[in-house]
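Shown here: coords_35.txt, compact mmCIF, C-alpha atoms.
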# COMPACT_ATOMS: atom_id res chain seq x y z
CA MET A 1 -16.85 14.17 12.39
CA ALA A 2 -16.89 11.46 9.75
CA SER A 3 -13.59 9.98 8.60
CA SER A 4 -12.26 7.50 6.08
CA VAL A 5 -10.90 4.24 7.55
CA PRO A 6 -8.29 3.25 6.68
CA ARG A 7 -6.95 6.60 5.60
CA VAL A 8 -4.30 4.99 3.39
CA THR A 9 -4.79 1.72 1.53
CA ALA A 10 -2.05 0.04 -0.52
CA VAL A 11 -2.90 -2.50 -3.23
CA ASP A 12 -1.22 -4.01 -6.25
CA ALA A 13 -2.41 -2.98 -9.69
CA GLY A 14 -5.51 -4.81 -10.80
CA SER A 15 -6.94 -5.06 -7.29
CA ALA A 16 -10.52 -4.27 -6.43
CA VAL A 17 -11.25 -2.13 -3.39
CA ARG A 18 -14.62 -2.13 -1.67
CA PHE A 19 -15.88 1.20 -0.36
CA THR A 20 -18.49 0.62 2.32
CA ASN A 21 -20.56 3.37 3.87
CA ARG A 22 -20.54 2.45 7.58
CA ASP A 23 -22.15 5.74 8.50
CA ASP A 24 -25.79 6.58 9.13
CA VAL A 25 -25.84 9.30 6.48
CA TYR A 26 -25.29 9.43 2.72
CA HIS A 27 -21.80 9.77 1.23
CA GLN A 28 -20.58 10.26 -2.33
CA VAL A 29 -17.07 8.96 -2.92
CA PHE A 30 -15.13 10.14 -5.97
CA SER A 31 -11.65 10.74 -7.32
CA VAL A 32 -10.27 12.95 -10.05
CA SER A 33 -6.73 11.56 -9.82
CA PRO A 34 -5.16 10.79 -13.21
CA ALA A 35 -4.51 7.13 -12.29
CA LYS A 36 -8.20 6.54 -11.60
CA ARG A 37 -11.21 8.80 -12.05
CA PHE A 38 -14.48 7.57 -10.62
CA ASP A 39 -17.65 8.72 -8.94
CA LEU A 40 -19.66 6.18 -6.95
CA GLY A 41 -22.71 8.42 -6.76
CA LYS A 42 -24.75 8.84 -3.63
CA SER A 43 -24.24 5.91 -1.30
CA ALA A 44 -26.92 5.07 1.26
CA PRO A 45 -25.97 3.98 4.77
CA HIS A 46 -24.34 0.53 4.73
CA GLN A 47 -24.20 0.45 0.93
CA ALA A 48 -20.96 -0.80 -0.68
CA SER A 49 -19.34 -0.27 -4.08
CA VAL A 50 -16.25 -1.82 -5.63
CA VAL A 51 -13.61 -0.01 -7.68
CA THR A 52 -10.81 -1.74 -9.58
CA PHE A 53 -7.48 0.05 -9.69
CA ASP A 54 -5.52 -0.93 -12.81
CA GLN A 55 -2.87 1.78 -13.01
CA PRO A 56 -0.11 2.43 -10.46
CA GLY A 57 -0.24 5.79 -8.73
CA VAL A 58 -1.64 7.58 -5.71
CA ILE A 59 -5.38 8.10 -5.91
CA ASP A 60 -6.87 10.85 -3.76
CA VAL A 61 -10.37 9.87 -2.71
CA TYR A 62 -12.87 12.46 -1.50
CA ASP A 63 -16.48 12.71 -0.52
CA GLU A 64 -18.66 15.15 -2.45
CA LEU A 65 -21.01 15.49 0.51
CA HIS A 66 -18.36 15.77 3.26
CA PRO A 67 -15.41 17.91 2.08
CA GLU A 68 -13.46 17.24 5.28
CA MET A 69 -13.12 13.56 4.39
CA ALA A 70 -10.12 12.23 2.48
CA ALA A 71 -8.56 8.84 1.84
CA TYR A 72 -5.74 7.62 -0.35
CA VAL A 73 -5.30 4.46 -2.40
CA VAL A 74 -1.66 3.75 -3.27
CA VAL A 75 -1.54 1.41 -6.26
CA VAL A 76 1.83 -0.26 -6.84
CA PRO A 77 2.89 -2.33 -9.89
CA HIS A 78 3.83 -5.42 -7.80
CA ARG A 79 3.06 -7.18 -4.52
CA LEU A 80 6.16 -6.09 -2.61
CA PHE A 81 4.62 -3.51 -0.33
CA ALA A 82 3.67 -3.06 3.30
CA ARG A 83 1.62 -0.65 5.35
CA PRO A 84 3.44 0.40 8.52
CA SER A 85 1.76 -0.18 11.87
CA ARG A 86 0.56 2.77 13.89
CA ALA A 87 3.96 2.70 15.61
CA GLY A 88 5.74 2.90 12.22
CA ASP A 89 7.01 -0.68 12.01
CA PHE A 90 6.86 -2.67 8.80
CA VAL A 91 8.15 -5.93 7.34
CA LEU A 92 8.79 -6.95 3.75
CA PRO A 93 9.44 -10.71 3.86
CA ASP A 94 10.49 -13.31 1.30
CA LEU A 95 12.43 -11.00 -0.98
CA PRO A 96 14.79 -12.52 -3.53
CA PHE A 97 18.27 -11.15 -3.00
CA GLY A 98 19.32 -8.12 -4.96
CA THR A 99 19.23 -4.35 -5.03
CA TYR A 100 15.90 -2.67 -4.41
CA LEU A 101 14.68 0.88 -4.39
CA LEU A 102 12.29 1.33 -1.48
CA HIS A 103 9.59 3.95 -2.00
CA VAL A 104 7.78 5.39 1.01
CA TRP A 105 4.67 7.49 0.66
CA HIS A 106 2.91 9.47 3.37
CA PRO A 107 -0.17 11.65 2.73
CA ALA A 108 1.21 14.63 4.66
CA HIS A 109 4.95 14.25 4.08
CA GLY A 110 5.24 12.97 0.53
CA GLU A 111 7.70 10.43 -0.87
CA LEU A 112 11.01 9.03 0.31
CA ARG A 113 13.31 6.72 -1.66
CA ARG A 114 16.02 4.50 -0.26
CA PRO A 115 18.21 1.95 -2.13
CA ILE A 116 18.51 -1.30 -0.17
CA GLU A 117 20.65 -4.42 -0.65
CA VAL A 118 18.75 -7.57 0.29
CA PRO A 119 20.98 -10.59 1.05
CA ARG A 120 20.26 -14.19 0.07
CA SER A 121 18.88 -14.75 3.55
CA GLY A 122 18.58 -12.87 6.80
CA VAL A 123 17.19 -9.54 7.83
CA VAL A 124 18.06 -6.02 6.78
CA ALA A 125 17.06 -3.47 9.41
CA ILE A 126 16.42 0.08 8.28
CA ALA A 127 15.22 3.25 9.91
CA LEU A 128 13.46 5.87 7.81
CA SER A 129 12.52 9.31 8.88
CA TYR A 130 10.89 12.32 7.25
CA MET B 1 19.27 -47.79 -7.61
CA LYS B 2 21.63 -45.38 -5.90
CA ALA B 3 20.83 -42.60 -8.33
CA ASN B 4 17.11 -43.08 -7.73
CA THR B 5 17.40 -42.74 -3.96
CA ALA B 6 19.58 -39.64 -4.31
CA LEU B 7 17.07 -37.77 -6.45
CA PRO B 8 14.68 -36.71 -3.69
CA PHE B 9 17.55 -35.23 -1.71
CA LEU B 10 18.81 -33.34 -4.72
CA ALA B 11 15.35 -31.93 -5.29
CA LEU B 12 15.12 -30.89 -1.64
CA ALA B 13 18.49 -29.13 -1.83
CA LEU B 14 17.42 -27.21 -4.92
CA TRP B 15 14.15 -26.22 -3.26
CA ALA B 16 16.07 -24.98 -0.22
CA MET B 17 18.23 -22.79 -2.43
CA GLU B 18 15.17 -21.34 -4.14
CA ALA B 19 13.47 -20.72 -0.81
CA ARG B 20 16.29 -18.54 0.46
CA ALA B 21 15.10 -15.01 0.78
CA GLY B 22 15.84 -11.88 2.69
CA THR B 23 13.60 -9.74 4.82
CA ILE B 24 13.47 -6.00 5.28
CA ARG B 25 12.45 -4.90 8.74
CA GLY B 26 11.94 -1.20 9.00
CA HIS B 27 10.73 1.61 11.12
CA LEU B 28 9.28 4.81 9.72
CA SER B 29 9.04 7.95 11.78
CA ALA B 30 7.33 11.13 10.77
CA PRO B 31 6.58 14.35 12.62
CA PRO B 32 3.04 14.62 13.96
CA ARG B 33 0.48 16.23 11.74
CA THR B 34 -0.34 19.78 12.63
CA THR B 35 -2.35 20.98 9.68
CA GLN B 36 -3.98 19.11 6.83
CA THR B 37 -1.70 19.53 3.83
CA ALA B 38 -2.28 16.23 2.14
CA GLY B 39 -3.04 15.06 -1.27
CA GLY B 40 -3.78 17.89 -3.64
CA THR B 41 -6.81 20.06 -4.12
CA ARG B 42 -9.97 19.34 -2.23
CA GLY B 43 -13.11 19.05 -4.24
CA ARG B 44 -13.57 18.58 -7.90
CA GLU B 45 -11.22 20.14 -10.40
CA ARG B 46 -13.55 20.94 -13.21
Go ahead and render the structure in this file as structure tokens.
Amino acid sequence: MASSVPRVTAVDAGSAVRFTNRDDVYHQVFSVSPAKRFDLGKSAPHQASVVTFDQPGVIDVYDELHPEMAAYVVVVPHRLFARPSRAGDFVLPDLPFGTYLLHVWHPAHGELRRPIEVPRSGVVAIALSY
Amino acid sequence: MKANTALPFLALALWAMEARAGTIRGHLSAPPRTTQTAGGTRGRER
């Protein structure tokens, strides 16, 4: 079965994302999400298209020709984001001290929010769980 | 002359203060997926 890799992509607003068909069959990638509507049309094997994401939000990306396929582009309004490893670990380095509101988004479990105090230096360790 | 030689050190100290930053190290755990419930309606919403 075909799948979208990576399933979740996080970028800052204004970033361009390349969608490459690494399959041996045609695909047609589109989204009807309010933050970005697009339709790349039929894409031949190994063909690539670029989409620029200007507005923050979660963009659900589907394939017109393969309804079982789904991917998600999470567009954030700044560069302070991380994508956890497969084991769930993540690091947000070089943060100016202050109070932050950490947003977590997961395609199956939704959103979590956690206020965090970042010191002038050092590490804050947190554990998040759905 | 003394003031001139002190300037680079002052600049370095200021840079060190600016460079101070914290780090968040986290771990996220989520239950394993059982059924596909993600992300809204499949297909086009015409």
Counting all atoms listed in the file, which residue out of A:Ala48, A:Ala35, A:Leu102, A:Val58 sits closest to A:Arg22?
A:Ala48
Expected answer as a VMD selection string: chain A residues within 10 Å of chain B, all atoms listed in the file:
chain A and resid 30 to 33 58 to 72 84 to 98 104 106 to 110 116 to 130
Might I get the box with edges along x, y and z of the file that holds all atoms of stretch 62-75 of chain A listed there, padded by 6 Å on every side, given as centre and edge lengths in Å to one decimal, as lines of an AutoDock Vina configuration file?
center_x = -11.3
center_y = 9.7
center_z = -0.5
size_x = 31.5
size_y = 28.5
size_z = 23.5
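Straight-line separation from atom CA of A:Ser4 to atom CA of A:Leu40: 15.0 Å.
Going from atom CA of A:Asp54 over to atom CA of A:Asp12, you cover 8.4 Å.
Note that the spacing between atom CA of A:Val51 and atom CA of A:His78 amounts to 18.3 Å.
The residue set within 7 Å of A:Thr20, counting all atoms listed in the file and dropping same-chain residues fewer than 6 places from it, reads A:His46, A:Gln47, A:Ala48, A:Ser49.
A distance cut-off of 7 Å around (-22.6, 8.8, 0.8), counting only C-alpha atoms, selects these protein and nucleic acid residues: A:Asn21, A:Val25, A:Tyr26, A:His27, A:Gln28, A:Val29, A:Lys42, A:Ser43, A:Ala44, A:Leu65.
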Identify which of the residues A:Thr99, A:Ser3, A:Leu112, A:Trp105 lies closest to A:Arg83, counting only C-alpha atoms when measuring atom-to-atom distances.
A:Trp105
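Contact shell of A:Ala13 at 10 Å (all atoms listed in the file; same-chain neighbours under 2 positions omitted): A:Ala10, A:Val11, A:Ser15, A:Ala16, A:Thr52, A:Phe53, A:Asp54, A:Gln55, A:Pro56, A:Gly57, A:Val74, A:Val75, A:Val76, A:Pro77, A:His78, A:Arg79.
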